[in-house]
Amino acid sequence: MTRSAIVVTGSEGFVGKHLRRALEQRNIQVLGVDKPGSGAEIEQDLSDVSFDAGGLAERCGEVSGVIYMAATITRGSSVDAVARLNLRAIAHAAVETFEAFQASSPEAHFVYCSTYKTYGQPEQSPIDPERPPQRPDPHSYGSAKSLAERLLAIASARVGAPYAVVRPTCIYGPGQHLHNAIPLFLRALWAAESPVVFGSGQNVRDDVFAPDLAQCLLDACLRKSRGAFHATGERSRSIHEVAKVCCRAVAELGGPAGLDPVIDPSKPPKWWLDQVFDGQRSRDQLGYQPTPLLEGLKSEALWIKDGALPGRSVDYAAALGARKT
Amino acid sequence: MKAVVTGATGHVGRYAVDSLARAGYEVVAVSRSGGLPPVPFRRAAHTGSVRTVGLDLTEESCVEALASALTSAGVLIHLAAWHPEQTAATGARERRALLETNVHGTLRALEAARRGHVPVVVYASSFEVYGDVAAVSITERTRVQPITDYGACKLSGEDHLLAFAYEEKARAVALRMPAIYGPDEKTPRALPNFLKGVAEGELPRVHGDGGDLRDQLHVADAARAILLAVEREAEGIFNVADGQAHSILELAELAIEVGGLSGSPLQLPRAKPRRDYHMSIDKARRELGFEPQVALRAGMAEQLAWLRSLPMAHGGQGTH
């Protein structure tokens with residue numbers, strides 16, 4: 001039996017590329033939707049106020065699933081014009097896409113890629129994805145994803161159609177933004193410098209490998225899962241511990257050895273909440289198995305060593321997959 | 001101090017402008033029409049300072065115009081919003097309008113406040129952010145789970161307000177208010193419908209036993225809470241209502257009483273599952289010093305007097 005295509009919004013982004021590879025490995029046709037000039041099958045600006053979700057669904061025809069992950073993480077103000085545009089892509093276009101495909105392909109399962117940044121201060125630890133905390137981080141990204149989740153819940157109840165939400169933790173892997181903590185650590189190490197950890201080093205975090213998130217999204221779609229799931233790493237760690245694993249990854253790849261993280265308390269993180277995430281539901285219902293941090297970091301370290309080319313990010317993750325098998 | 005009010009010609013807006021002007025603020029009344037907010041029913045005209053500005057928060061160009069109006073302002077009071085007649089039954093088109101007006105409109109207002117370096121923002125939120133709750137008395141810590149697009153959009157306004165406050169080191173207050181009654185109320189819901197009915201000599205009709213609990217807030221008390229939010233140093237989220245849980249039946253009986261009719265409300269079969277909403281206002285009492293002043297009976301009598309003062313007769317169905 002051949003399976004009809006799966007629509008992926010944000011298909012040419014960091015995680016989108018890994019998801020595309022995961023779909024191709026299962027011989028599932030990808031209908032990628034991404035910005036004009038992105039090279040996606042369907043070039044569409046989802047932040048456009050005149051975006052027509054019905055027209056998109058019509059162009060795609062009968063599909064078996066929609067994985068919605070189009071988003072940009074903005075670094076400016078939470079209320080400026082860029083944030084407002086991004087809010088359209090993250091929230092408005094998502095709920096309209098959900099409804100449009102529900103009408104055109106009623107069997108297509110909808111999966112929304114959200115974020116741990118919808119959580120803010122947890123009321124319990126570990127965080128149960130089915131009982132999320134109440135207030136997103138004070139930033140537009142978590143706020144926009146939070147709105148999308150709430151609108152989807154209302155729309156789903158209205159049309160009686162199920163959907164799934166996957167909330168990844170901090171996403172790392174080949175292709176990620178080079179100014180985030182892990183690539184900064186790895187770049188320092190290849191330059192034979194100690195990675196610098198700001199703050200106390202004790203901030204707790206969870207890092208999910210981008211190809212694991214892709215797998216989680218795909219499994220939630222193929223299994224027609226309902227409700228909310230976490231895409232996590234093996235376990236939470238302090239940022240100091242993550243930096244130490246980075247040191248080990250580079251050393252095991254033949255890079256500079258004997259380096260240890262340096263703690264710089266002069267610049268504590270602007271906003272950080274120590275959060276621990278319950279991944280049991282993902283393991284039980286999606287068969288989710290996170291890649292060990294050391295392995296994931298090695299694939300990212302190699303990608304960085306070879307020049308961090310965005311177009312080659314999935315090759316490094318795939319090489320890790322080949323080693324695993 | 002200069003206080004800029006969006007939604008100034010709306011129901012709460014005109015009372016807020018009136019209260020601020022009386023309290024000595026230099027008020028800038030912002031609305032789509034740019035009109036002067038009328039003095040509330042049965043109040044003497046104030047002699048305070050009110051300047052008007054016309055702009056539309058659904059247009060991107062409003063940011064610059066509002067930022068200019070906010071120059072050297074001490075506070076932005078953001079009340080502008082669209083309220084669908086039936087929030088429980090909004091479809092895709094209404095959701096789009098809610099997102100444009102209530103979410104993007106709020107972001108644009110906050111962007112203008114950011115550009116104008118406004119140190120304090122007060123935002124009109126709604127009890128509808130709570131949605132599906134079972135709590136007997138809803139506090140600000142009760143889980144929010146909006147079941148209407150309107151509630152989800154109001155909650156998103158709060159989220160962005162708090163992000164703005166964090167980033168700009170501003171003081172932000174969101175007031176979660178129930179449906180607001182009083183002269184000039186236009187929303188079709190139980191309380192005004194009952195009053196419109198009794199104004200025409202009709203007994204109110206109540207679905208089921210009328211036991212569903214609702215909060216009420218008189219528009220003058222809403223304006224009072226806004227003034228306190230401006231003047232006190234408190235920040236964060238506050239429930240604001242009259243502090244009493246009122247059943248639909250009580251509203252119907254009070255409507256009969258203030259209307260001078262005799263008899264009891266007519267009973268109809270229950271149309272919707274029972275849902276109770278009652279917010280605790282302890283936090284607003286404690287941190288804002290808020291104490292409701294208008295008793296429900298007096299407030300309803302005033303609203304009926306306003307209805308009867310209107311030149312044209314009002315045909316209400318008298319049901320909820």
# chains A, B, ... in the order shown; residues from 1 in each chain; ligands from 1

$ interface_residues --of "chain B" --to "chain A" --cutoff "9 Å" --atoms "only C-alpha atoms" --output "compact mmCIF listing (two decimals) with C-alpha atoms, in the first residue's frame"
# COMPACT_ATOMS: atom_id res chain seq x y z
CA GLU B 60 0.06 48.81 11.01
CA GLY B 91 -16.15 30.65 13.56
CA ALA B 92 -13.06 31.13 11.38
CA ARG B 95 -11.44 34.30 14.93
CA ARG B 96 -9.55 36.20 12.24
CA LEU B 99 -6.70 37.88 16.14
CA HIS B 104 -2.33 42.13 16.90
CA THR B 106 -2.65 44.66 21.58
CA LEU B 107 0.83 43.97 20.18
CA ARG B 108 0.67 47.18 18.17
CA ALA B 109 -0.41 49.13 21.26
CA LEU B 110 2.47 47.56 23.21
CA GLU B 111 4.92 48.34 20.41
CA ARG B 114 7.73 50.47 23.88
CA ARG B 141 -3.70 30.86 40.22
CA ARG B 143 -5.51 26.91 35.67
CA VAL B 144 -6.47 28.74 32.50
CA GLN B 145 -8.01 26.71 29.72
CA PRO B 146 -9.95 29.04 27.43
CA ILE B 147 -12.77 27.41 25.49
CA THR B 148 -13.51 30.41 23.30
CA ASP B 149 -11.37 32.15 20.70
CA ALA B 152 -7.65 32.55 24.03
CA CYS B 153 -6.99 35.91 22.37
CA LEU B 155 -4.96 35.39 27.28
CA SER B 156 -2.47 35.91 24.47
CA ASP B 159 1.15 36.81 27.65
CA HIS B 160 2.49 39.50 25.35
CA LEU B 161 1.84 42.17 27.98
CA LEU B 162 3.99 40.26 30.48
CA ALA B 163 6.70 39.72 27.83
CA PHE B 164 6.65 43.45 27.12
CA ALA B 165 6.86 44.25 30.86
CA TYR B 166 9.79 41.89 31.31
CA GLU B 167 11.70 43.20 28.31
CA GLU B 168 11.00 46.89 28.88

$ residues_around --residues "B:Glu302" --least-positions-apart "4" --cutoff "7 Å" --atoms "only C-alpha atoms" --output "number ranges by chain"
B: 183, 298, 306

$ write_last_selection --atoms "N, CA and C atoms" --output "CSV table (one decimal), in the first residue's frame"
chain,number,residue,atom,x,y,z
B,183,PRO,N,-25.3,51.5,32.5
B,183,PRO,CA,-25.8,52.2,31.4
B,183,PRO,C,-24.9,52.1,30.2
B,298,ALA,N,-28.9,48.3,42.8
B,298,ALA,CA,-28.8,49.7,42.5
B,298,ALA,C,-28.2,49.9,41.0
B,306,TRP,N,-31.6,54.1,32.5
B,306,TRP,CA,-31.0,54.5,31.3
B,306,TRP,C,-31.8,54.0,30.1

$ residues_around --residues "stretch 42-59 of chain B" --least-positions-apart "5" --cutoff "8 Å" --atoms "only C-alpha atoms" --output "list of chain:residue names"
B:Val17, B:Asp18, B:Ala21, B:Arg22, B:Gly24, B:Tyr25, B:Glu26, B:Val27, B:Val28, B:Ala29, B:Val30, B:Ser31, B:Arg32, B:Ser33, B:Gly34, B:Gly35, B:Leu36, B:Ala65, B:Leu66, B:Ala69, B:Glu100, B:Thr101, B:His104, B:Gly105, B:Thr106, B:Arg108, B:Ala109

$ write_last_selection --atoms "N, CA and C atoms" --output "PDB file, in the first residue's frame"
ATOM      1  N   VAL B  17     -12.271  57.149  31.055  1.00  0.00           N
ATOM      2  CA  VAL B  17     -11.839  58.506  30.689  1.00  0.00           C
ATOM      3  C   VAL B  17     -12.419  59.510  31.682  1.00  0.00           C
ATOM      4  N   ASP B  18     -13.709  59.349  31.988  1.00  0.00           N
ATOM      5  CA  ASP B  18     -14.383  60.255  32.923  1.00  0.00           C
ATOM      6  C   ASP B  18     -13.697  60.222  34.307  1.00  0.00           C
ATOM      7  N   ALA B  21     -10.169  61.771  34.150  1.00  0.00           N
ATOM      8  CA  ALA B  21     -10.222  63.238  34.007  1.00  0.00           C
ATOM      9  C   ALA B  21     -10.585  63.882  35.342  1.00  0.00           C
ATOM     10  N   ARG B  22     -11.561  63.281  36.038  1.00  0.00           N
ATOM     11  CA  ARG B  22     -11.953  63.814  37.347  1.00  0.00           C
ATOM     12  C   ARG B  22     -10.810  63.720  38.355  1.00  0.00           C
ATOM     13  N   GLY B  24      -7.829  64.192  37.757  1.00  0.00           N
ATOM     14  CA  GLY B  24      -6.778  65.158  37.447  1.00  0.00           C
ATOM     15  C   GLY B  24      -5.792  64.729  36.387  1.00  0.00           C
ATOM     16  N   TYR B  25      -6.054  63.594  35.739  1.00  0.00           N
ATOM     17  CA  TYR B  25      -5.135  63.158  34.681  1.00  0.00           C
ATOM     18  C   TYR B  25      -5.386  63.964  33.416  1.00  0.00           C
ATOM     19  N   GLU B  26      -4.304  64.109  32.664  1.00  0.00           N
ATOM     20  CA  GLU B  26      -4.409  64.710  31.342  1.00  0.00           C
ATOM     21  C   GLU B  26      -4.681  63.532  30.392  1.00  0.00           C
ATOM     22  N   VAL B  27      -5.949  63.377  29.987  1.00  0.00           N
ATOM     23  CA  VAL B  27      -6.358  62.155  29.293  1.00  0.00           C
ATOM     24  C   VAL B  27      -6.275  62.331  27.781  1.00  0.00           C
ATOM     25  N   VAL B  28      -5.690  61.313  27.120  1.00  0.00           N
ATOM     26  CA  VAL B  28      -5.759  61.249  25.664  1.00  0.00           C
ATOM     27  C   VAL B  28      -6.682  60.080  25.335  1.00  0.00           C
ATOM     28  N   ALA B  29      -7.827  60.400  24.731  1.00  0.00           N
ATOM     29  CA  ALA B  29      -8.852  59.391  24.450  1.00  0.00           C
ATOM     30  C   ALA B  29      -8.679  58.908  23.014  1.00  0.00           C
ATOM     31  N   VAL B  30      -8.229  57.639  22.882  1.00  0.00           N
ATOM     32  CA  VAL B  30      -7.956  57.080  21.557  1.00  0.00           C
ATOM     33  C   VAL B  30      -9.109  56.168  21.152  1.00  0.00           C
ATOM     34  N   SER B  31      -9.595  56.361  19.945  1.00  0.00           N
ATOM     35  CA  SER B  31     -10.637  55.476  19.421  1.00  0.00           C
ATOM     36  C   SER B  31     -10.552  55.505  17.907  1.00  0.00           C
ATOM     37  N   ARG B  32     -11.275  54.599  17.257  1.00  0.00           N
ATOM     38  CA  ARG B  32     -11.272  54.577  15.792  1.00  0.00           C
ATOM     39  C   ARG B  32     -11.840  55.882  15.238  1.00  0.00           C
ATOM     40  N   SER B  33     -12.951  56.319  15.848  1.00  0.00           N
ATOM     41  CA  SER B  33     -13.625  57.508  15.318  1.00  0.00           C
ATOM     42  C   SER B  33     -12.903  58.793  15.696  1.00  0.00           C
ATOM     43  N   GLY B  34     -12.139  58.726  16.791  1.00  0.00           N
ATOM     44  CA  GLY B  34     -11.500  59.943  17.283  1.00  0.00           C
ATOM     45  C   GLY B  34     -12.480  60.871  17.965  1.00  0.00           C
ATOM     46  N   GLY B  35     -13.661  60.328  18.298  1.00  0.00           N
ATOM     47  CA  GLY B  35     -14.705  61.138  18.929  1.00  0.00           C
ATOM     48  C   GLY B  35     -14.443  61.332  20.416  1.00  0.00           C
ATOM     49  N   LEU B  36     -15.164  62.280  20.988  1.00  0.00           N
ATOM     50  CA  LEU B  36     -15.037  62.558  22.423  1.00  0.00           C
ATOM     51  C   LEU B  36     -15.953  61.603  23.189  1.00  0.00           C
ATOM     52  N   ALA B  65       1.352  56.482  15.059  1.00  0.00           N
ATOM     53  CA  ALA B  65       0.412  57.495  15.557  1.00  0.00           C
ATOM     54  C   ALA B  65       0.200  57.348  17.061  1.00  0.00           C
ATOM     55  N   LEU B  66       0.079  56.104  17.524  1.00  0.00           N
ATOM     56  CA  LEU B  66      -0.138  55.889  18.959  1.00  0.00           C
ATOM     57  C   LEU B  66       1.129  56.221  19.741  1.00  0.00           C
ATOM     58  N   ALA B  69       1.144  59.768  20.273  1.00  0.00           N
ATOM     59  CA  ALA B  69       0.179  60.157  21.316  1.00  0.00           C
ATOM     60  C   ALA B  69       0.705  59.809  22.704  1.00  0.00           C
ATOM     61  N   GLU B 100      -6.850  39.792  14.684  1.00  0.00           N
ATOM     62  CA  GLU B 100      -6.409  41.092  14.166  1.00  0.00           C
ATOM     63  C   GLU B 100      -6.587  42.198  15.202  1.00  0.00           C
ATOM     64  N   THR B 101      -7.774  42.249  15.785  1.00  0.00           N
ATOM     65  CA  THR B 101      -8.092  43.367  16.675  1.00  0.00           C
ATOM     66  C   THR B 101      -7.536  43.148  18.076  1.00  0.00           C
ATOM     67  N   HIS B 104      -3.249  41.217  17.603  1.00  0.00           N
ATOM     68  CA  HIS B 104      -2.332  42.129  16.904  1.00  0.00           C
ATOM     69  C   HIS B 104      -2.552  43.571  17.349  1.00  0.00           C
ATOM     70  N   GLY B 105      -3.801  43.939  17.613  1.00  0.00           N
ATOM     71  CA  GLY B 105      -4.077  45.293  18.101  1.00  0.00           C
ATOM     72  C   GLY B 105      -3.357  45.541  19.423  1.00  0.00           C
ATOM     73  N   THR B 106      -3.355  44.532  20.297  1.00  0.00           N
ATOM     74  CA  THR B 106      -2.653  44.661  21.578  1.00  0.00           C
ATOM     75  C   THR B 106      -1.146  44.740  21.353  1.00  0.00           C
ATOM     76  N   ARG B 108       0.363  45.856  18.743  1.00  0.00           N
ATOM     77  CA  ARG B 108       0.673  47.180  18.173  1.00  0.00           C
ATOM     78  C   ARG B 108       0.645  48.251  19.266  1.00  0.00           C
ATOM     79  N   ALA B 109      -0.337  48.156  20.154  1.00  0.00           N
ATOM     80  CA  ALA B 109      -0.411  49.129  21.256  1.00  0.00           C
ATOM     81  C   ALA B 109       0.837  49.015  22.135  1.00  0.00           C
TER      82      ALA B 109
END

$ atom_distance --atom1 "atom CA of B:Arg224" --atom2 "atom CA of B:Arg308"
25.6 Å

$ residues_around --residues "B:His11" --least-positions-apart "3" --cutoff "7 Å" --atoms "only C-alpha atoms" --output "VMD selection string"
chain B and resid 14 184 to 185

$ residues_around --residues "stretch 313-321 of chain A" --least-positions-apart "2" --cutoff "8 Å" --atoms "only C-alpha atoms" --output "PDB file with C-alpha atoms, in the first residue's frame"
ATOM      1  CA  LYS A  17      15.496  19.266   6.911  1.00  0.00           C
ATOM      2  CA  HIS A  18      15.896  16.426   9.415  1.00  0.00           C
ATOM      3  CA  ARG A  21      15.200  13.040   5.635  1.00  0.00           C
ATOM      4  CA  GLY A 173      22.190  18.958  16.142  1.00  0.00           C
ATOM      5  CA  PRO A 174      23.794  19.644  12.769  1.00  0.00           C
ATOM      6  CA  GLY A 175      22.189  22.714  11.219  1.00  0.00           C
ATOM      7  CA  PRO A 211      16.646  14.049  14.221  1.00  0.00           C
ATOM      8  CA  GLU A 295      26.468  10.575  20.109  1.00  0.00           C
ATOM      9  CA  GLY A 296      24.345  13.532  19.039  1.00  0.00           C
ATOM     10  CA  SER A 299      27.542  14.402  14.844  1.00  0.00           C
ATOM     11  CA  GLU A 300      27.141  18.138  15.447  1.00  0.00           C
ATOM     12  CA  LEU A 302      31.810  16.864  12.982  1.00  0.00           C
ATOM     13  CA  TRP A 303      29.421  19.112  11.072  1.00  0.00           C
ATOM     14  CA  ALA A 308      28.901  23.975   9.436  1.00  0.00           C
ATOM     15  CA  LEU A 309      27.314  24.004   5.989  1.00  0.00           C
ATOM     16  CA  PRO A 310      23.522  24.280   6.390  1.00  0.00           C
ATOM     17  CA  GLY A 311      22.893  22.237   3.234  1.00  0.00           C
ATOM     18  CA  ARG A 323      26.822   4.031  12.899  1.00  0.00           C
ATOM     19  CA  LYS A 324      23.931   3.191  15.229  1.00  0.00           C
ATOM     20  CA  THR A 325      22.731   0.432  12.920  1.00  0.00           C
TER      21      THR A 325
END

$ closest_residue --among "A:Ile182, A:His230, A:Cys216, A:Ile263" --to "A:Phe198" --atoms "only C-alpha atoms"
A:Ile263

$ residues_around --residues "B:Glu231" --least-positions-apart "3" --cutoff "10 Å" --atoms "only C-alpha atoms" --output "list in words"
Val75, Val120, Ala225, Ile226, Leu227, Leu228, Ala234 and Leu288 of chain B

$ select_by_dssp --residues "stretch 226-314 of chain B" --states "strand (DSSP E or B)" --output "PyMOL selection string"
chain B and resi 236-239+246-247+266-268+279

$ closest_residue --among "A:Asn86, A:Thr115, A:Gln275, A:Gln25" --to "A:Ser47" --atoms "only C-alpha atoms"
A:Asn86

$ atom_distance --atom1 "atom CA of B:Val63" --atom2 "atom CA of B:Phe127"
27.7 Å

$ atom_distance --atom1 "atom CA of A:Lys35" --atom2 "atom CA of A:Ala89"
10.5 Å

$ select_by_dssp --residues "stretch 1-148 of chain A" --states "helix (DSSP H, G or I)" --output "PyMOL selection string"
chain A and resi 14-25+53-60+81-104+116-118+140-148

$ closest_residue --among "B:Val230, B:Leu175, B:Leu261, B:Ala245" --to "B:Gly201" --atoms "only C-alpha atoms"
B:Leu261

$ residues_around --residues "B:Thr139" --least-positions-apart "5" --cutoff "8 Å" --atoms "only C-alpha atoms" --output "PDB file with N, CA and C atoms, in the first residue's frame"
ATOM      1  N   ASN B 239      -8.139  39.459  39.276  1.00  0.00           N
ATOM      2  CA  ASN B 239      -9.569  39.280  39.031  1.00  0.00           C
ATOM      3  C   ASN B 239     -10.283  40.513  39.564  1.00  0.00           C
ATOM      4  N   MET B 279     -15.275  34.453  40.385  1.00  0.00           N
ATOM      5  CA  MET B 279     -13.876  34.771  40.667  1.00  0.00           C
ATOM      6  C   MET B 279     -13.726  35.350  42.074  1.00  0.00           C
ATOM      7  N   SER B 280     -12.687  34.922  42.749  1.00  0.00           N
ATOM      8  CA  SER B 280     -12.304  35.571  44.007  1.00  0.00           C
ATOM      9  C   SER B 280     -11.615  36.892  43.670  1.00  0.00           C
ATOM     10  N   ILE B 281     -11.991  37.956  44.377  1.00  0.00           N
ATOM     11  CA  ILE B 281     -11.319  39.247  44.130  1.00  0.00           C
ATOM     12  C   ILE B 281     -10.418  39.633  45.310  1.00  0.00           C
TER      13      ILE B 281
END
